[in-house]
Structures are given as structure tokens and as C-alpha cells.
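Asks: Submitted below is the structure of interest, expressed as C-alpha cells.
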Amino acid sequence: MAKITIVGDANDNAPTFTEDSLIDKRAKTAASVLWEVKEEWKLWQPYRTPDLKAVVQEIVDRPGWEGNALAFWFSGPGPSPQRGGKRPGVGIV
């Protein structure tokens with residue numbers, strides 16, 4: 001049903017996303033995880049991601065990281081109600 005790529009914010013302390021700190025201006029980790037969701041998602045249903053160890057490890061191995069904030073990008077193709085077709089979708093956690 002969906003192929004979602006998960007990457008991290010390659011930052012020692014991921015700042016809050018704001019108008020001045022947008023997602024497209026941040027460096028992403030080289031490590032990524034592909035999450036292939038086979039079933040249709042239901043509202044309010046919890047789902048478990050695959051192991052994110054490689055992405056997290058790349059961030060915590062940074063010399064300036066000391067128990068700080070982490071941020072992740074979830075991206076993949078999705079429906080576009082405005083265009084009636086497919087477009088890249090991005091979510092942040």
C-alpha cells in the first residue's frame with residue numbers, strides 16, 4: 001500500500017520546526033530505512049516502524065550529540081487531493 005522512507009535530521013540537537021527553520025533547509029542523515037506498509041491504514045490505529053537503529057546511530061555518533069532532540073522525516077508517494085494524482089508526501093516526528 002505504501003513505501004515510506006525514513007531519515008533523520010543530521011543535527012546535534014534538532015531544533016523545533018518553525019517558519020525560520022523549515023524542513024527543506026536541514027541536512028538529512030545518510031542512513032535511511034524503507035518501511036513497506038502492506039495493509040491499508042486505519043485512523044487511530046497504532047503502527048510499528050521497522051528498526052530505526054541505523055538512522056538513530058548516525059545521529060548519536062555525532063560529536064556534539066549529548067542526549068539531545070531527534071527529528072525524523074517520513075516521505076513517500078501519496079495521494080494529492082488538490083491535483084487528483086500522486087505527489088511526494090512528507091511527515092515529521
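Residue numbers start at 1 in each chain; chains themselves are named A, B, ... in the order of the C-alpha cells; ligands are numbered from 1 in the order shown.
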Show me, as a PyMOL selection string, the residues that have an atom within 6 Å of region 61-71 of chain A when counting only C-alpha atoms, minus same-chain residues fewer than 2 positions from it.
Replies: chain A and resi 8-9+12-14+57-59+93
Asks: Mind giving me the straight-line distance from CA of Trp35 (chain A) to CA of Glu19 (chain A) in Å, one decimal?
Replies: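 Interatomic distance, CA of Trp35 (chain A) to CA of Glu19 (chain A): 28.7 Å.
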Asks: So that I can check the secondary structure, give me every residue of chain A assigned alpha helix (DSSP H) by backbone DSSP, as a list of chain:residue names.
Replies: A:Lys53, A:Ala54, A:Val55, A:Val56, A:Gln57, A:Glu58, A:Ile59, A:Val60
Asks: Considering only C-alpha atoms, state which residue in the set A:Lys3, A:Lys25, A:Thr16, A:Val33 is at the smallest distance from Val56 (chain A).
Replies: A:Val33
Asks: How far is it from CA of Leu43 (chain A) to CA of Phe74 (chain A), in Å with one decimal?
Replies: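 Going from CA of Leu43 (chain A) over to CA of Phe74 (chain A) covers 17.5 Å.
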Asks: Determine which residues of chain A receive a DSSP assignment of strand (DSSP E or B), computed from the backbone, and state them as a PyMOL selection string.
Replies: chain A and resi 2-9+18+21+28-37+72-80+85-92
Asks: Restricting the output to N, CA and C atoms, write the selected residues as an mmCIF file, in the first residue's frame.
Replies:
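What follows is the written file result_19.cif:
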data_model
loop_
_atom_site.group_PDB
_atom_site.id
_atom_site.type_symbol
_atom_site.label_atom_id
_atom_site.label_comp_id
_atom_site.auth_asym_id
_atom_site.auth_seq_id
_atom_site.Cartn_x
_atom_site.Cartn_y
_atom_site.Cartn_z
ATOM 1 N N ALA A 2 2.005 1.220 0.757
ATOM 2 C CA ALA A 2 2.843 2.419 0.821
ATOM 3 C C ALA A 2 4.298 2.036 1.007
ATOM 4 N N LYS A 3 5.183 2.828 0.411
ATOM 5 C CA LYS A 3 6.619 2.694 0.622
ATOM 6 C C LYS A 3 7.091 4.024 1.190
ATOM 7 N N ILE A 4 7.501 3.991 2.449
ATOM 8 C CA ILE A 4 7.870 5.202 3.166
ATOM 9 C C ILE A 4 9.357 5.134 3.490
ATOM 10 N N THR A 5 10.084 6.186 3.165
ATOM 11 C CA THR A 5 11.497 6.270 3.508
ATOM 12 C C THR A 5 11.627 7.149 4.746
ATOM 13 N N ILE A 6 12.372 6.642 5.738
ATOM 14 C CA ILE A 6 12.568 7.365 6.986
ATOM 15 C C ILE A 6 14.038 7.758 7.094
ATOM 16 N N VAL A 7 14.305 9.047 7.297
ATOM 17 C CA VAL A 7 15.649 9.572 7.527
ATOM 18 C C VAL A 7 15.606 10.466 8.756
ATOM 19 N N GLY A 8 16.777 10.816 9.263
ATOM 20 C CA GLY A 8 16.852 11.679 10.432
ATOM 21 C C GLY A 8 17.385 13.054 10.086
ATOM 22 N N ASP A 9 17.217 13.969 11.023
ATOM 23 C CA ASP A 9 17.772 15.308 10.934
ATOM 24 C C ASP A 9 19.234 15.203 11.371
ATOM 25 N N THR A 18 9.966 25.615 12.551
ATOM 26 C CA THR A 18 9.286 26.914 12.553
ATOM 27 C C THR A 18 9.390 27.517 11.161
ATOM 28 N N SER A 21 12.953 27.784 10.449
ATOM 29 C CA SER A 21 13.704 26.527 10.488
ATOM 30 C C SER A 21 12.883 25.452 9.770
ATOM 31 N N LYS A 28 19.995 15.939 6.039
ATOM 32 C CA LYS A 28 19.400 14.653 6.408
ATOM 33 C C LYS A 28 20.504 13.614 6.591
ATOM 34 N N THR A 29 20.222 12.590 7.377
ATOM 35 C CA THR A 29 21.186 11.515 7.581
ATOM 36 C C THR A 29 21.420 10.760 6.274
ATOM 37 N N ALA A 30 22.606 10.201 6.140
ATOM 38 C CA ALA A 30 22.888 9.323 5.001
ATOM 39 C C ALA A 30 22.142 8.006 5.194
ATOM 40 N N ALA A 31 22.014 7.591 6.444
ATOM 41 C CA ALA A 31 21.286 6.352 6.755
ATOM 42 C C ALA A 31 19.794 6.577 6.554
ATOM 43 N N SER A 32 19.126 5.552 6.056
ATOM 44 C CA SER A 32 17.673 5.620 5.873
ATOM 45 C C SER A 32 17.099 4.227 6.064
ATOM 46 N N VAL A 33 15.797 4.187 6.276
ATOM 47 C CA VAL A 33 15.084 2.918 6.431
ATOM 48 C C VAL A 33 13.865 2.953 5.529
ATOM 49 N N LEU A 34 13.646 1.888 4.789
ATOM 50 C CA LEU A 34 12.451 1.775 3.961
ATOM 51 C C LEU A 34 11.388 1.024 4.753
ATOM 52 N N TRP A 35 10.220 1.604 4.838
ATOM 53 C CA TRP A 35 9.089 0.997 5.543
ATOM 54 C C TRP A 35 8.028 0.675 4.501
ATOM 55 N N GLU A 36 7.854 -0.598 4.231
ATOM 56 C CA GLU A 36 6.836 -1.027 3.277
ATOM 57 C C GLU A 36 5.599 -1.461 4.050
ATOM 58 N N VAL A 37 4.553 -0.680 3.923
ATOM 59 C CA VAL A 37 3.298 -0.947 4.620
ATOM 60 C C VAL A 37 2.400 -1.732 3.659
ATOM 61 N N PHE A 72 12.761 13.132 12.685
ATOM 62 C CA PHE A 72 12.757 12.172 11.570
ATOM 63 C C PHE A 72 11.821 12.655 10.477
ATOM 64 N N TRP A 73 12.163 12.307 9.227
ATOM 65 C CA TRP A 73 11.306 12.579 8.083
ATOM 66 C C TRP A 73 10.725 11.263 7.596
ATOM 67 N N PHE A 74 9.450 11.243 7.350
ATOM 68 C CA PHE A 74 8.758 10.099 6.736
ATOM 69 C C PHE A 74 8.288 10.599 5.377
ATOM 70 N N SER A 75 8.815 10.031 4.302
ATOM 71 C CA SER A 75 8.431 10.528 2.985
ATOM 72 C C SER A 75 8.136 9.380 2.030
ATOM 73 N N GLY A 76 7.287 9.666 1.083
ATOM 74 C CA GLY A 76 6.927 8.680 0.081
ATOM 75 C C GLY A 76 5.794 9.210 -0.768
ATOM 76 N N PRO A 77 5.476 8.516 -1.855
ATOM 77 C CA PRO A 77 4.378 8.973 -2.694
ATOM 78 C C PRO A 77 3.044 8.829 -1.963
ATOM 79 N N GLY A 78 2.162 9.730 -2.239
ATOM 80 C CA GLY A 78 0.841 9.669 -1.633
ATOM 81 C C GLY A 78 -0.172 10.387 -2.500
ATOM 82 N N PRO A 79 -1.433 10.251 -2.187
ATOM 83 C CA PRO A 79 -2.469 10.915 -2.982
ATOM 84 C C PRO A 79 -2.438 12.419 -2.801
ATOM 85 N N SER A 80 -2.785 13.118 -3.821
ATOM 86 C CA SER A 80 -2.868 14.568 -3.774
ATOM 87 C C SER A 80 -4.289 15.000 -4.094
ATOM 88 N N GLY A 85 -3.798 13.283 -8.219
ATOM 89 C CA GLY A 85 -2.787 12.310 -8.636
ATOM 90 C C GLY A 85 -1.833 11.996 -7.516
ATOM 91 N N LYS A 86 -0.625 11.604 -7.881
ATOM 92 C CA LYS A 86 0.387 11.266 -6.889
ATOM 93 C C LYS A 86 1.352 12.430 -6.725
ATOM 94 N N ARG A 87 1.849 12.579 -5.514
ATOM 95 C CA ARG A 87 2.870 13.577 -5.243
ATOM 96 C C ARG A 87 3.676 13.117 -4.038
ATOM 97 N N PRO A 88 4.909 13.599 -3.871
ATOM 98 C CA PRO A 88 5.671 13.232 -2.686
ATOM 99 C C PRO A 88 4.987 13.770 -1.446
ATOM 100 N N GLY A 89 4.972 12.978 -0.401
ATOM 101 C CA GLY A 89 4.419 13.412 0.874
ATOM 102 C C GLY A 89 5.496 13.351 1.930
ATOM 103 N N VAL A 90 5.479 14.278 2.878
ATOM 104 C CA VAL A 90 6.478 14.301 3.924
ATOM 105 C C VAL A 90 5.786 14.505 5.252
ATOM 106 N N GLY A 91 6.201 13.746 6.238
ATOM 107 C CA GLY A 91 5.737 13.945 7.601
ATOM 108 C C GLY A 91 6.933 14.037 8.514
ATOM 109 N N ILE A 92 6.803 14.767 9.612
ATOM 110 C CA ILE A 92 7.895 14.891 10.558
ATOM 111 C C ILE A 92 7.438 14.471 11.934
#
Asks: Quick one: pull the distance between CA of Ala10 (chain A) and CA of Val60 (chain A), Å, one decimal.
Replies: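 These two atoms are separated by 9.6 Å.
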